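For reference, the structure discussed in these notes is given below.
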Amino acid sequence: MAKLPTVFSLRHLLVLSLALNLSLILKLVYEGEHRRSSSNNNHSCFEAQRGTSTNSNPDKSRMLISLPNSTCTDQTARGGTNRIINLDHGDPTVYETYWRQTGEKSTILIPGWQSMSYFSDVSNICWFLEEEFGREVLRLHRVVGNAITEGRHIVVGTGSSQLFLAALYALSPPDAPQPISVVCASPYYSSYPSMTDHLKSGLYKWAGDAESFDKDGPYIEVVTSPNNPDGHVRGSKVNRSQGYLVHDLAYYWPQYTPISSPADHDLTLFTVSKSTGHAGMRIGWALVKDHEVAKKMTKFIELNTIGVSKDSQLRAAKVLRAVSDSWELQGNSQEDESFFKFSHKLMANRWKQLRLVVEQNGLFSLPKFSTAFCTFFNQVLEPQPAFVWLKCEGNVEDCESFLRAHNILTRSGTHFGVNPKYVRISMLDNDENFSQFLDRLSAIKSQ
Ligand SMILES: Cc1ncc(COP(=O)(O)O)c(C=O)c1O
C-alpha cells in the first residue's frame, strides 16, 4: 500500500478538525439564539394576554411598556383565528416601511466623544435644547403650517408625556389652598387621569370631564385636537376666565387631519411619536408663549431627568430634517417620496378598507367626520385618525369583551370616561396585523 507523506496528511487532518469544530460551535450559537428569541416571543404573548384579561387595571393606558408585541402567535394555530391581535395601544409601527427606505437620510452616527456635556446652550431658557433639534422643529412647523412659532419658546421633553407633567407643574399656583383641577372633555386620552394623579401631587388633581366641570376658581383644561380617541377637531369647553389651556396637538399632522390653520395657543405640545412614528426616540416639544411658564417647565425637567437625551434630540433632528426635505425637495429624485404623501395615502387606504368592512358587517358604527380644506395638501380632505373609535351596535354592551372573544384586543370606552359600548382601536399597527384585523372583523356575526 502506498504510504502518504506525513506532512501532507497531518496538515489536512488539522484543517479538517478545525473546520469540524468551527461548524459545531456555529451550530450551538445559532440554536442558542433561536431558543432565546422564541422564548422571548412567548413571554410577550403571555404578557399581552395577561394584561388585557384584567379589565379592572386602572393603569392600562401605560401598558405599552409591558406589551411590546402587537401579535401573539398561538404556536398551535399560527395564522389562524387563535392568533391574538393587539390593537389596544397606539404603537406607530405603520411607518417603518417608509423609514426603512430612507437609508442615510434618516441615519446618524454619534462618535464616542460627542454629546458628553449635560448642557446644550446655557443662554437658552431650555438650556438642554439641542440647537439643531430646535432649528428643525421651527422648519417643520413652517413647512407644514400647523403652528405659529414666532414669540414662542421651545421646551424639549422626554416624549410629550413628560411635557404634559411639566406643564401641569408650571401652570399650577404654587401656594393655593387646594390642588388646581385638571379637566378634559370626554372621551379623553386615557393616560391623562393616571398621569395627573399617579404621584398624588398637592399642586394639581384630575377632575374629569370638562363638559360637566362647574367648580369656581382656576383650572387647567387639556384640549386634544384632533382628539385621541375619537379623532374629532376640538376647542376648549369650559371657557371661563381663570382657565389655563394645554393644547395637546400630537395628531395635528397632515396624515391624520386637514391642516386648517396654524395653531396659535399659549402652550402647545407635539411629539415625534405620532408625527413621524418614532415613539421609541422619546422626544416631544412644547411651544410656550410665556417666559415664566417655559422657565418652570424647564425646571421641572431639570429636576426630573436633568435634561433630555442629546442623542435622541440629534436623531430626532435628522428625522425631522428628512421629513421637511422629503416635502420641499420632492420630485428631485425618484426615491424622494414625501413622508406626508406616503403616510396620508396609507391612512386613506386603511380607512377606506375599514369603512367597507364596517358597512358590510352591520354590527358596528364609526364616527362621522366633516371634510375641510387642508392648507398643506391644498385640497378638501376628510380626517383619517390614528385610532378607530368603534361602537358596538345592538345588544352588545361591552364591546371590548365582545372583540376579545374574537381575539382582537382593544381599549374600552371606560378608560376614556365614557361607556363600554365604545372601544378604541389602533390604526397604526403593521400591515399584517391590520389586514388580519379587517378579516377578523368582517367574519364576526352577531351574538
Ligand atoms: C394625545 C396624546 N398625547 C400624548 C401622547 C404621548 O406621546 P409621547 O410618546 O410623546 O409621550 C399620546 C400617545 O399616545 C397621545 O395620544
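In the C-alpha cells, the first chain shown is A, the next is B, and so on; residue numbers restart at 1 for each chain, and ligands run from 1 in the order shown.
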
All residues 10 Å or closer to Ile148 (chain A), only C-alpha atoms, same chain fewer than 5 positions away omitted, as a VMD selection string:
chain A and resid 138 141 to 142 261 to 265 287

Long-range neighbours of Val323 (chain A) as a PyMOL selection string, 10 Å cut-off, only C-alpha atoms, 2 positions minimum in chain
chain A and resi 105-106+136+140+143+275-276+317-321+325-329+337-340

Which residues sit within 10 Å of ligand 1, counting only C-alpha atoms and all ligand atoms, listed as a VMD selection string?
chain A and resid 61 to 62 64 89 to 92 157 to 164 188 to 192 222 to 229 247 to 252 269 to 275 277 to 285 386 to 387 426

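The smallest atom-to-atom distance between Tyr98 (chain A) and any of A:Tyr118, A:Trp389, A:Tyr169, A:Phe342, using only C-alpha atoms, is found for A:Phe342.
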
Report, in Å with one decimal, the straight-line distance from CA of Ser115 (chain A) to CA of Ala316 (chain A).
14.3 Å

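Distance-wise, CA of Leu381 (chain A) and CA of Lys368 (chain A) end up 13.5 Å apart.
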
Every residue of region 79-206 of chain A that DSSP places in alpha helix (DSSP H), as a ChimeraX atom specification
/A:96-100,131-144,159-171,191-197

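Neighbouring residues of region 345-359 of chain A at 7 Å or closer, counting only C-alpha atoms and skipping chain neighbours under 6 positions away, are Gln255, Ser365, Gln384, Leu438 and Ser442 of chain A.
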
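The nearest approach to Leu245 (chain A) among the residues A:Asn304, A:Ser172, A:Thr257, A:Ser212, with only C-alpha atoms taken into account, belongs to A:Ser172.
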
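Nearest to Asp290 (chain A) of all the residues A:Val418, A:Ala167, A:Ala185, A:Leu366 is A:Ala167, counting only C-alpha atoms.
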
Residues flagged strand (DSSP E or B) by DSSP in region 222-406 of chain A, as a PyMOL selection string
chain A and resi 222-224+243-248+263+267-271+283-288+364-365+372-374+379-381+387-392

Output file for the selection above: C-alpha atoms, as a PDB file, in the first residue's frame:
```pdb
ATOM      1  CA  VAL A 222     -56.390  69.907  28.240  1.00  0.00           C
ATOM      2  CA  VAL A 223     -57.558  70.299  24.668  1.00  0.00           C
ATOM      3  CA  THR A 224     -56.564  67.392  22.437  1.00  0.00           C
ATOM      4  CA  GLY A 243     -58.604  78.711  32.996  1.00  0.00           C
ATOM      5  CA  TYR A 244     -55.182  77.681  31.721  1.00  0.00           C
ATOM      6  CA  LEU A 245     -55.187  75.743  28.483  1.00  0.00           C
ATOM      7  CA  VAL A 246     -52.800  72.991  27.424  1.00  0.00           C
ATOM      8  CA  HIS A 247     -53.237  72.099  23.757  1.00  0.00           C
ATOM      9  CA  ASP A 248     -52.090  68.562  23.040  1.00  0.00           C
ATOM     10  CA  ALA A 263     -52.241  76.623  15.846  1.00  0.00           C
ATOM     11  CA  LEU A 267     -48.937  76.202  25.407  1.00  0.00           C
ATOM     12  CA  THR A 268     -48.912  73.524  22.716  1.00  0.00           C
ATOM     13  CA  LEU A 269     -47.500  70.006  22.872  1.00  0.00           C
ATOM     14  CA  PHE A 270     -46.171  67.983  19.930  1.00  0.00           C
ATOM     15  CA  THR A 271     -44.360  64.664  19.701  1.00  0.00           C
ATOM     16  CA  ILE A 283     -38.872  63.132  22.049  1.00  0.00           C
ATOM     17  CA  GLY A 284     -41.585  65.758  22.293  1.00  0.00           C
ATOM     18  CA  TRP A 285     -41.587  69.533  22.287  1.00  0.00           C
ATOM     19  CA  ALA A 286     -43.704  72.325  23.691  1.00  0.00           C
ATOM     20  CA  LEU A 287     -44.250  75.754  22.132  1.00  0.00           C
ATOM     21  CA  VAL A 288     -44.674  78.110  25.063  1.00  0.00           C
ATOM     22  CA  PHE A 364     -70.547  48.361  14.452  1.00  0.00           C
ATOM     23  CA  SER A 365     -70.531  52.075  13.741  1.00  0.00           C
ATOM     24  CA  ALA A 372     -62.239  70.539   5.485  1.00  0.00           C
ATOM     25  CA  PHE A 373     -59.751  72.402   3.351  1.00  0.00           C
ATOM     26  CA  CYS A 374     -56.186  71.323   4.051  1.00  0.00           C
ATOM     27  CA  GLN A 379     -57.385  70.383  -1.215  1.00  0.00           C
ATOM     28  CA  VAL A 380     -60.542  69.453   0.644  1.00  0.00           C
ATOM     29  CA  LEU A 381     -59.917  66.298   2.667  1.00  0.00           C
ATOM     30  CA  PHE A 387     -57.441  55.450  16.130  1.00  0.00           C
ATOM     31  CA  VAL A 388     -60.831  53.994  15.321  1.00  0.00           C
ATOM     32  CA  TRP A 389     -63.471  54.901  17.869  1.00  0.00           C
ATOM     33  CA  LEU A 390     -65.708  51.948  17.253  1.00  0.00           C
ATOM     34  CA  LYS A 391     -69.170  51.483  18.700  1.00  0.00           C
ATOM     35  CA  CYS A 392     -70.773  48.068  19.111  1.00  0.00           C
TER      36      CYS A 392
END
```

Which polymer residues have any atom within 9 Å of an atom of Phe369 (chain A), counting only C-alpha atoms, with same-chain residues fewer than 3 positions away left out, as a list in words?
Gly231, His232, Glu382, Pro383 and Gln384 of chain A

Save the residues we just selected, C-alpha atoms, as a PDB file, in the first residue's frame?
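The file below, selection_19.pdb, is the result:
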```
ATOM      1  CA  GLY A 231     -60.352  61.885  16.017  1.00  0.00           C
ATOM      2  CA  HIS A 232     -62.555  64.980  16.219  1.00  0.00           C
ATOM      3  CA  GLU A 382     -61.502  64.069   5.259  1.00  0.00           C
ATOM      4  CA  PRO A 383     -59.944  63.287   8.666  1.00  0.00           C
ATOM      5  CA  GLN A 384     -58.373  59.809   8.941  1.00  0.00           C
TER       6      GLN A 384
END
```

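Between Glu400 (chain A) and the residues A:Ile84, A:Val233, A:Val183, A:Val423, the shortest atom-to-atom distance, using only C-alpha atoms, involves A:Val423.
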